[in-house]
>>> print(open('entry-v5.txt').read())   # compact mmCIF, C-alpha atoms and all ligand atoms
# COMPACT_ATOMS: atom_id res chain seq x y z
CA MET A 1 -44.70 66.34 272.83
CA ARG A 2 -47.54 68.79 272.21
CA ILE A 3 -46.84 70.53 268.91
CA GLY A 4 -48.73 73.44 267.36
CA ILE A 5 -48.52 73.88 263.60
CA LEU A 6 -48.80 77.55 262.63
CA GLY A 7 -49.37 77.38 258.88
CA SER A 8 -50.79 74.10 257.60
CA GLY A 9 -49.73 74.20 253.97
CA LEU A 10 -47.12 72.15 252.12
CA MET A 11 -44.58 72.17 254.94
CA GLY A 12 -46.81 72.48 257.99
CA GLY A 13 -49.39 70.00 256.72
CA LYS A 14 -46.79 67.33 255.99
CA LEU A 15 -44.58 67.88 259.01
CA GLY A 16 -47.59 67.98 261.33
CA THR A 17 -48.80 64.70 259.85
CA LEU A 18 -45.40 63.09 260.38
CA PHE A 19 -45.09 64.44 263.93
CA ALA A 20 -48.49 62.88 264.70
CA ARG A 21 -47.46 59.58 263.11
CA ALA A 22 -44.30 59.65 265.21
CA GLY A 23 -46.52 59.75 268.32
CA HIS A 24 -46.77 63.46 269.12
CA GLU A 25 -49.93 65.42 269.89
CA VAL A 26 -50.46 67.86 267.03
CA VAL A 27 -52.74 70.86 266.52
CA PHE A 28 -53.05 72.12 262.93
CA SER A 29 -53.80 75.82 262.59
CA TYR A 30 -53.74 78.69 260.11
CA ALA A 31 -55.15 77.80 256.73
CA ARG A 32 -57.78 79.57 254.69
CA SER A 33 -60.33 76.87 255.37
CA GLU A 34 -61.29 75.22 258.60
CA ARG A 35 -62.30 72.12 256.64
CA LYS A 36 -58.76 71.73 255.34
CA LEU A 37 -57.39 71.81 258.89
CA GLN A 38 -59.92 69.19 259.95
CA ARG A 39 -59.07 66.99 256.97
CA LEU A 40 -55.37 67.20 257.81
CA ALA A 41 -56.10 66.24 261.41
CA ARG A 42 -58.20 63.26 260.27
CA GLN A 43 -55.71 62.06 257.71
CA ALA A 44 -52.77 62.35 260.09
CA ARG A 45 -54.08 59.11 261.66
CA GLY A 46 -52.66 59.99 265.05
CA ASN A 47 -53.32 62.33 267.92
CA ALA A 48 -54.15 65.41 265.85
CA ARG A 49 -56.83 68.09 265.78
CA ALA A 50 -57.60 71.43 264.17
CA ASP A 51 -57.87 74.66 266.10
CA SER A 52 -57.18 78.39 266.05
CA VAL A 53 -53.65 79.78 266.05
CA SER A 54 -54.07 81.07 269.60
CA ALA A 55 -55.33 77.70 270.87
CA ALA A 56 -52.56 75.83 269.03
CA ALA A 57 -49.95 78.13 270.55
CA ALA A 58 -51.39 78.03 274.06
CA ALA A 59 -51.48 74.23 274.19
CA ALA A 60 -48.06 73.59 272.67
CA GLU A 61 -44.63 72.97 274.08
CA ALA A 62 -43.20 73.40 270.59
CA LEU A 63 -44.50 75.28 267.56
CA LEU A 64 -43.65 74.97 263.89
CA LEU A 65 -43.93 78.28 262.03
CA ALA A 66 -44.55 77.44 258.38
CA VAL A 67 -46.02 80.46 256.63
CA HIS A 68 -44.93 82.85 253.95
CA TRP A 69 -42.67 85.58 255.34
CA SER A 70 -45.33 88.20 254.64
CA ARG A 71 -47.78 86.38 256.98
CA VAL A 72 -45.40 86.08 259.95
CA PRO A 73 -46.47 89.26 261.82
CA GLU A 74 -50.15 88.37 261.53
CA VAL A 75 -49.62 84.80 262.72
CA LEU A 76 -47.50 85.94 265.67
CA HIS A 77 -50.18 88.46 266.56
CA GLN A 78 -52.80 85.69 266.55
CA ALA A 79 -50.52 83.38 268.53
CA GLY A 80 -50.18 85.80 271.45
CA ASP A 81 -47.68 85.30 274.24
CA LEU A 82 -44.98 82.79 273.27
CA THR A 83 -42.83 83.17 276.38
CA GLY A 84 -40.78 80.03 276.94
CA LYS A 85 -42.12 78.22 273.87
CA VAL A 86 -39.85 76.50 271.41
CA VAL A 87 -40.55 77.95 267.97
CA LEU A 88 -39.12 75.98 265.07
CA THR A 89 -39.16 77.99 261.89
CA CYS A 90 -38.92 76.69 258.35
CA SER A 91 -40.18 80.02 257.00
CA LEU A 92 -37.78 81.70 254.62
CA PRO A 93 -37.65 85.49 254.38
CA MET A 94 -38.75 85.62 250.74
CA ASN A 95 -40.27 88.53 248.83
CA ASP A 96 -43.90 88.39 247.73
CA ASP A 97 -43.24 86.52 244.49
CA ASP A 98 -40.77 84.12 246.14
CA THR A 99 -37.88 85.11 243.87
CA GLU A 100 -35.46 86.63 246.41
CA LEU A 101 -34.50 86.62 250.05
CA VAL A 102 -35.39 89.97 251.61
CA VAL A 103 -33.08 89.49 254.61
CA GLY A 104 -29.53 88.24 254.40
CA ARG A 105 -25.79 88.55 254.96
CA SER A 106 -25.94 90.64 258.13
CA SER A 107 -29.10 88.97 259.48
CA SER A 108 -31.51 86.16 258.61
CA GLY A 109 -35.21 85.46 258.74
CA ALA A 110 -34.68 83.31 261.82
CA GLU A 111 -32.85 86.11 263.65
CA GLU A 112 -35.49 88.66 262.66
CA LEU A 113 -38.13 86.27 263.95
CA ALA A 114 -36.25 85.90 267.26
CA ARG A 115 -36.29 89.70 267.56
CA MET A 116 -40.08 89.69 267.07
CA ILE A 117 -40.58 87.07 269.83
CA PRO A 118 -37.61 87.61 272.18
CA ARG A 119 -39.04 85.43 274.96
CA ALA A 120 -39.41 82.37 272.72
CA LYS A 121 -36.71 79.84 271.90
CA VAL A 122 -36.34 80.14 268.14
CA VAL A 123 -34.67 77.38 266.16
CA SER A 124 -34.26 77.31 262.41
CA ALA A 125 -35.12 73.78 261.25
CA PHE A 126 -36.76 71.82 258.45
CA GLY A 127 -36.58 74.66 255.92
CA THR A 128 -33.62 73.26 254.00
CA VAL A 129 -35.51 70.49 252.18
CA PRO A 130 -38.47 70.58 249.82
CA SER A 131 -41.79 69.41 251.23
CA GLU A 132 -41.97 66.81 248.47
CA VAL A 133 -39.27 64.66 250.08
CA LEU A 134 -40.62 64.55 253.63
CA PHE A 135 -42.85 61.46 253.43
CA ALA A 136 -40.12 59.48 251.65
CA VAL A 137 -37.62 60.38 254.37
CA PHE A 138 -40.09 59.23 257.02
CA ALA A 139 -40.72 55.97 255.16
CA ALA A 140 -36.95 55.30 255.10
CA ARG A 141 -36.31 56.39 258.71
CA ARG A 142 -35.10 52.98 259.90
CA ARG A 143 -32.22 52.88 257.44
CA ALA A 144 -28.72 53.34 258.83
CA ARG A 145 -27.84 55.96 256.18
CA ARG A 146 -30.27 58.80 256.54
CA PRO A 147 -30.25 62.25 254.94
CA SER A 148 -28.90 65.15 256.99
CA LEU A 149 -30.91 68.11 258.18
CA VAL A 150 -29.16 71.21 259.49
CA TYR A 151 -30.61 73.29 262.30
CA CYS A 152 -29.37 76.21 264.35
CA GLY A 153 -30.45 78.19 267.39
CA ASP A 154 -29.28 79.86 270.58
CA ALA A 155 -31.37 78.11 273.24
CA ARG A 156 -30.13 74.67 274.19
CA ALA A 157 -33.62 73.49 275.18
CA GLY A 158 -34.99 74.55 271.80
CA LYS A 159 -32.24 72.74 269.97
CA THR A 160 -32.85 69.53 271.92
CA VAL A 161 -36.50 69.61 270.85
CA ALA A 162 -35.52 70.35 267.24
CA ALA A 163 -33.03 67.48 267.12
CA ARG A 164 -35.60 65.04 268.44
CA LEU A 165 -38.25 66.07 265.93
CA ILE A 166 -35.74 66.00 263.08
CA GLU A 167 -34.87 62.43 264.05
CA ASP A 168 -38.52 61.49 264.38
CA VAL A 169 -39.12 62.59 260.78
CA GLY A 170 -36.20 60.42 259.66
CA PHE A 171 -33.24 62.76 259.20
CA GLU A 172 -29.89 62.82 260.92
CA PRO A 173 -29.83 66.16 262.79
CA VAL A 174 -26.77 68.33 262.13
CA ASP A 175 -26.28 71.07 264.71
CA ALA A 176 -24.94 74.05 262.73
CA GLY A 177 -24.45 76.27 265.81
CA PRO A 178 -26.07 79.52 266.93
CA LEU A 179 -29.06 81.17 265.32
CA ARG A 180 -26.91 83.59 263.31
CA ILE A 181 -25.81 80.62 261.18
CA ALA A 182 -29.27 80.90 259.61
CA ARG A 183 -27.56 83.60 257.47
CA TYR A 184 -25.86 80.72 255.66
CA LEU A 185 -28.63 78.17 256.05
CA GLU A 186 -31.28 80.29 254.33
CA PRO A 187 -29.34 80.94 251.08
CA PHE A 188 -28.34 77.25 251.10
CA THR A 189 -32.04 76.47 251.01
CA LEU A 190 -32.35 78.35 247.73
CA LEU A 191 -29.62 76.13 246.29
CA VAL A 192 -31.53 73.04 247.41
CA ALA A 193 -34.71 74.48 245.87
CA GLN A 194 -32.87 75.19 242.61
CA LEU A 195 -31.70 71.57 242.45
CA ALA A 196 -35.11 70.25 243.46
CA TYR A 197 -37.27 72.29 241.13
CA GLN A 198 -34.94 73.16 238.22
CA GLY A 199 -32.51 70.25 238.34
CA ARG A 200 -32.93 66.83 236.82
CA GLY A 201 -34.63 64.10 238.80
CA GLY A 202 -37.45 65.94 240.53
CA ALA A 203 -38.17 67.48 243.87
CA HIS A 204 -37.80 64.39 246.07
CA LEU A 205 -34.42 65.71 247.10
CA ALA A 206 -32.59 65.65 250.41
CA TYR A 207 -28.88 66.03 251.21
CA ARG A 208 -26.29 64.30 253.33
CA PHE A 209 -23.06 65.62 254.86
CA GLU A 210 -20.30 63.09 255.31
CA ARG A 211 -17.00 63.30 257.15
CA LEU A 212 -14.40 61.03 255.60
CA ARG A 213 -11.52 59.54 257.54
CA ARG A 214 -8.10 59.83 255.96
N1 LIG B 301 -42.80 74.25 250.27
C1 LIG B 301 -41.55 73.94 250.50
O1 LIG B 301 -41.04 72.93 249.96
C2 LIG B 301 -40.69 74.77 251.42
C3 LIG B 301 -39.40 74.32 251.70
C4 LIG B 301 -38.61 75.05 252.59
C5 LIG B 301 -39.09 76.19 253.18
N2 LIG B 301 -40.36 76.62 252.88
C6 LIG B 301 -40.85 77.83 253.56
O2 LIG B 301 -41.84 77.39 254.49
C7 LIG B 301 -42.86 78.36 254.62
C8 LIG B 301 -44.20 77.71 254.29
O3 LIG B 301 -44.15 77.26 252.96
P1 LIG B 301 -45.29 76.34 252.34
O4 LIG B 301 -44.80 75.93 251.00
O5 LIG B 301 -45.71 75.32 253.34
O6 LIG B 301 -46.45 77.42 252.15
P2 LIG B 301 -47.98 77.15 251.86
O7 LIG B 301 -48.17 75.79 251.31
O8 LIG B 301 -48.47 78.33 251.07
O9 LIG B 301 -48.60 77.18 253.33
C9 LIG B 301 -48.86 78.37 254.02
C10 LIG B 301 -50.03 78.16 254.95
O10 LIG B 301 -50.48 79.46 255.35
C11 LIG B 301 -51.88 79.56 255.10
N3 LIG B 301 -52.28 80.93 254.79
C12 LIG B 301 -51.73 81.77 253.89
N4 LIG B 301 -52.40 82.94 253.88
C13 LIG B 301 -53.38 82.81 254.81
C14 LIG B 301 -54.41 83.68 255.26
N5 LIG B 301 -54.56 84.91 254.77
N6 LIG B 301 -55.23 83.23 256.23
C15 LIG B 301 -55.10 81.99 256.73
N7 LIG B 301 -54.15 81.11 256.33
C16 LIG B 301 -53.31 81.53 255.38
C17 LIG B 301 -52.11 78.67 253.93
O11 LIG B 301 -53.48 78.36 253.85
P3 LIG B 301 -54.06 77.35 252.74
O12 LIG B 301 -53.67 75.98 253.21
O13 LIG B 301 -55.52 77.56 252.81
O14 LIG B 301 -53.43 77.73 251.44
C18 LIG B 301 -51.22 77.49 254.25
O15 LIG B 301 -51.85 76.60 255.15
C19 LIG B 301 -42.50 79.50 253.67
O16 LIG B 301 -41.87 80.52 254.40
C20 LIG B 301 -41.53 78.85 252.69
O17 LIG B 301 -40.59 79.80 252.18
C21 LIG B 301 -41.17 75.93 252.01
>>> encode(input="entry-v5.txt", output="structure tokens")
Amino acid sequence: MRIGILGSGLMGGKLGTLFARAGHEVVFSYARSERKLQRLARQARGNARADSVSAAAAAAEALLLAVHWSRVPEVLHQAGDLTGKVVLTCSLPMNDDDTELVVGRSSSGAEELARMIPRAKVVSAFGTVPSEVLFAVFAARRRARRPSLVYCGDARAGKTVAARLIEDVGFEPVDAGPLRIARYLEPFTLLVAQLAYQGRGGAHLAYRFERLRR
């Protein structure tokens, strides 16, 4: 799959690297330095390159939006027409100092994003785990017991792409339903962050849902 990374920081840099290592064609975009994008592309050790946001978006079948909420309008403006593209978002609608969600209960960041790009297929995915755990999940991807990763969206085609990429990174995809479920998924992410960054044991944290038979 051709994947454009819009925001090549902690999440985008690592997920783009893992997508490339899983065999996808990746374009890293949107960082403050071109050299950083080129370094990421080199170190991905796969089919990866650095380019502008508009070039990354134009070439891609799927995009990962991984920027601070305050940067979303600018990145979408740079991306241009996203008609028909699958847009996976891990971007949380946080305030400027990352202390609170600025959208919630009656909407979610993912739904607001879908309103900004109504012709794209928006899926909320990958945002519910800290970036610190991603490489370890990938390294353990052949194990039978893998961590879960919830995702939600309205477009079936977008969700199929999301599930595949979630599996490629090493998680077990858990379809949480339509995009409005991001209203629950986004606050859940703050719980995971609390456990990862304030709890004991460090930030290499993932989660797993289990259904037990009686
Ligand atoms: N980090 C996590 O563990 C985590 C987990 C779940 C969800 N999230 C969410 O995922 C999203 C991305 O988080 P992140 O931690 O990956 O953020 P990050 O490390 O700050 O990455 C953001 C990217 O945007 C780029 N950027 C910011 N301002 C820019 C500007 N003015 N011009 C060009 N590029 C600019 C940064 O460039 P530089 O590379 O040059 O800094 C970086 O590549 C956020 O919405 C966050 O809430 C993060």
>>> atom_distance(input="entry-v5.txt", atom1="CA of Leu149 in chain A", atom2="CA of Arg32 in chain A")
29.4 Å
>>> residues_around(input="entry-v5.txt", residues="range 173-186 of chain A", least_positions_apart="3", cutoff="6 Å", atoms="all atoms listed in the file", output="list of chain:residue names")
A:Gly104, A:Arg105, A:Ser107, A:Ser108, A:Ser148, A:Leu149, A:Val150, A:Tyr151, A:Cys152, A:Gly153, A:Asp154, A:Ala163, A:Ile166, A:Thr189
>>> residues_around(input="entry-v5.txt", residues="range 46-52 of chain A", least_positions_apart="4", cutoff="9 Å", atoms="all atoms listed in the file", output="PDB file with C-alpha atoms, in the frame of the given file")
ATOM      1  CA  GLY A  16     -47.590  67.980 261.330  1.00  0.00           C
ATOM      2  CA  THR A  17     -48.800  64.700 259.850  1.00  0.00           C
ATOM      3  CA  PHE A  19     -45.090  64.440 263.930  1.00  0.00           C
ATOM      4  CA  ALA A  20     -48.490  62.880 264.700  1.00  0.00           C
ATOM      5  CA  ARG A  21     -47.460  59.580 263.110  1.00  0.00           C
ATOM      6  CA  ALA A  22     -44.300  59.650 265.210  1.00  0.00           C
ATOM      7  CA  GLY A  23     -46.520  59.750 268.320  1.00  0.00           C
ATOM      8  CA  HIS A  24     -46.770  63.460 269.120  1.00  0.00           C
ATOM      9  CA  GLU A  25     -49.930  65.420 269.890  1.00  0.00           C
ATOM     10  CA  VAL A  26     -50.460  67.860 267.030  1.00  0.00           C
ATOM     11  CA  VAL A  27     -52.740  70.860 266.520  1.00  0.00           C
ATOM     12  CA  PHE A  28     -53.050  72.120 262.930  1.00  0.00           C
ATOM     13  CA  SER A  29     -53.800  75.820 262.590  1.00  0.00           C
ATOM     14  CA  TYR A  30     -53.740  78.690 260.110  1.00  0.00           C
ATOM     15  CA  GLU A  34     -61.290  75.220 258.600  1.00  0.00           C
ATOM     16  CA  ARG A  35     -62.300  72.120 256.640  1.00  0.00           C
ATOM     17  CA  LYS A  36     -58.760  71.730 255.340  1.00  0.00           C
ATOM     18  CA  LEU A  37     -57.390  71.810 258.890  1.00  0.00           C
ATOM     19  CA  GLN A  38     -59.920  69.190 259.950  1.00  0.00           C
ATOM     20  CA  ARG A  39     -59.070  66.990 256.970  1.00  0.00           C
ATOM     21  CA  LEU A  40     -55.370  67.200 257.810  1.00  0.00           C
ATOM     22  CA  ALA A  41     -56.100  66.240 261.410  1.00  0.00           C
ATOM     23  CA  ARG A  42     -58.200  63.260 260.270  1.00  0.00           C
ATOM     24  CA  ALA A  56     -52.560  75.830 269.030  1.00  0.00           C
ATOM     25  CA  ALA A  57     -49.950  78.130 270.550  1.00  0.00           C
ATOM     26  CA  GLN A  78     -52.800  85.690 266.550  1.00  0.00           C
ATOM     27  CA  ALA A  79     -50.520  83.380 268.530  1.00  0.00           C
TER      28      ALA A  79
END
>>> residues_around(input="entry-v5.txt", residues="Arg146 in chain A", least_positions_apart="6", cutoff="10 Å", atoms="all atoms listed in the file", output="list in words")
Val137, Phe138, Ala140, Glu167, Gly170, Phe171, Glu172, Pro173, Ala206, Tyr207 and Arg208 of chain A
>>> axis_aligned_box(input="entry-v5.txt", around="ligand LIG 301 (chain B)", padding_each_side="4 Å", output="AutoDock Vina command-line options")
--center_x -47.1 --center_y 78.9 --center_z 253.3 --size_x 24.9 --size_y 20.0 --size_z 14.8
>>> residues_near_point(input="entry-v5.txt", point="(-46.3, 70.6, 268.6)", cutoff="7 Å", atoms="all atoms listed in the file", output="list in words")
Met1, Arg2, Ile3, Gly4, Ile5, Glu25, Val26, Val27, Ala60, Glu61, Ala62, Leu63 and Leu64 of chain A
>>> atom_distance(input="entry-v5.txt", atom1="CA of Val53 in chain A", atom2="CA of Gly7 in chain A")
8.7 Å
>>> residues_near_ligand(input="entry-v5.txt", ligand="ligand LIG 301 (chain B)", cutoff="8 Å", atoms="all atoms listed in the file", output="ChimeraX atom specification")
/A:6-13,29-33,36-37,65-69,71,89-94,98,126-132,189,193
>>> atom_distance(input="entry-v5.txt", atom1="CA of Lys159 in chain A", atom2="CA of Ala125 in chain A")
9.2 Å
>>> closest_residue(input="entry-v5.txt", among="A:Met116, A:Val103, A:Leu18, A:Ala136", to="Glu74 in chain A", atoms="all atoms listed in the file")
A:Met116
>>> closest_residue(input="entry-v5.txt", among="A:Ser106, A:Gln194, A:Ser54, A:Asn95", to="Val75 in chain A", atoms="all atoms listed in the file")
A:Ser54
>>> build_atoms(input="entry-v5.txt", residues="range 53-83 of chain A", atoms="N, CA and C atoms", output="compact mmCIF listing (two decimals), in the frame of the given file")
# COMPACT_ATOMS: atom_id res chain seq x y z
N VAL A 53 -55.07 79.54 265.78
CA VAL A 53 -53.65 79.78 266.05
C VAL A 53 -53.43 80.00 267.55
N SER A 54 -54.30 80.78 268.17
CA SER A 54 -54.07 81.07 269.60
C SER A 54 -54.21 79.81 270.44
N ALA A 55 -55.18 78.95 270.11
CA ALA A 55 -55.33 77.70 270.87
C ALA A 55 -54.16 76.76 270.61
N ALA A 56 -53.71 76.70 269.36
CA ALA A 56 -52.56 75.83 269.03
C ALA A 56 -51.33 76.29 269.80
N ALA A 57 -51.14 77.60 269.87
CA ALA A 57 -49.95 78.13 270.55
C ALA A 57 -50.05 77.92 272.06
N ALA A 58 -51.24 78.14 272.61
CA ALA A 58 -51.39 78.03 274.06
C ALA A 58 -51.13 76.61 274.54
N ALA A 59 -51.57 75.62 273.74
CA ALA A 59 -51.48 74.23 274.19
C ALA A 59 -50.09 73.63 273.99
N ALA A 60 -49.28 74.27 273.15
CA ALA A 60 -48.06 73.59 272.67
C ALA A 60 -46.84 73.82 273.54
N GLU A 61 -45.98 72.79 273.55
CA GLU A 61 -44.63 72.97 274.08
C GLU A 61 -43.72 73.47 272.96
N ALA A 62 -44.01 73.00 271.75
CA ALA A 62 -43.20 73.40 270.59
C ALA A 62 -44.14 73.80 269.46
N LEU A 63 -43.71 74.81 268.69
CA LEU A 63 -44.50 75.28 267.56
C LEU A 63 -43.66 75.19 266.29
N LEU A 64 -44.32 74.89 265.20
CA LEU A 64 -43.65 74.97 263.89
C LEU A 64 -44.28 76.15 263.15
N LEU A 65 -43.45 77.13 262.80
CA LEU A 65 -43.93 78.28 262.03
C LEU A 65 -43.64 78.01 260.56
N ALA A 66 -44.70 77.86 259.79
CA ALA A 66 -44.55 77.44 258.38
C ALA A 66 -45.49 78.26 257.50
N VAL A 67 -45.21 79.56 257.46
CA VAL A 67 -46.02 80.46 256.63
C VAL A 67 -45.10 81.31 255.76
N HIS A 68 -45.70 81.91 254.76
CA HIS A 68 -44.93 82.85 253.95
C HIS A 68 -44.45 84.00 254.84
N TRP A 69 -43.29 84.53 254.52
CA TRP A 69 -42.67 85.58 255.34
C TRP A 69 -43.63 86.75 255.56
N SER A 70 -44.41 87.07 254.55
CA SER A 70 -45.33 88.20 254.64
C SER A 70 -46.44 87.96 255.67
N ARG A 71 -46.70 86.70 256.03
CA ARG A 71 -47.78 86.38 256.98
C ARG A 71 -47.28 86.29 258.42
N VAL A 72 -45.95 86.33 258.61
CA VAL A 72 -45.40 86.08 259.95
C VAL A 72 -45.95 87.04 261.00
N PRO A 73 -45.95 88.37 260.76
CA PRO A 73 -46.47 89.26 261.82
C PRO A 73 -47.90 88.95 262.21
N GLU A 74 -48.74 88.65 261.22
CA GLU A 74 -50.15 88.37 261.53
C GLU A 74 -50.27 87.08 262.37
N VAL A 75 -49.53 86.07 261.99
CA VAL A 75 -49.62 84.80 262.72
C VAL A 75 -49.10 84.96 264.15
N LEU A 76 -48.02 85.71 264.31
CA LEU A 76 -47.50 85.94 265.67
C LEU A 76 -48.51 86.73 266.50
N HIS A 77 -49.16 87.68 265.86
CA HIS A 77 -50.18 88.46 266.56
C HIS A 77 -51.30 87.54 267.05
N GLN A 78 -51.73 86.64 266.17
CA GLN A 78 -52.80 85.69 266.55
C GLN A 78 -52.33 84.73 267.63
N ALA A 79 -51.04 84.38 267.59
CA ALA A 79 -50.52 83.38 268.53
C ALA A 79 -50.49 83.93 269.96
N GLY A 80 -50.23 85.23 270.10
CA GLY A 80 -50.18 85.80 271.45
C GLY A 80 -48.85 85.54 272.15
N ASP A 81 -48.91 85.39 273.44
CA ASP A 81 -47.68 85.30 274.24
C ASP A 81 -46.96 83.95 274.01
N LEU A 82 -45.73 84.03 273.54
CA LEU A 82 -44.98 82.79 273.27
C LEU A 82 -43.80 82.63 274.25
N THR A 83 -43.90 83.26 275.38
CA THR A 83 -42.83 83.17 276.38
C THR A 83 -42.50 81.71 276.70
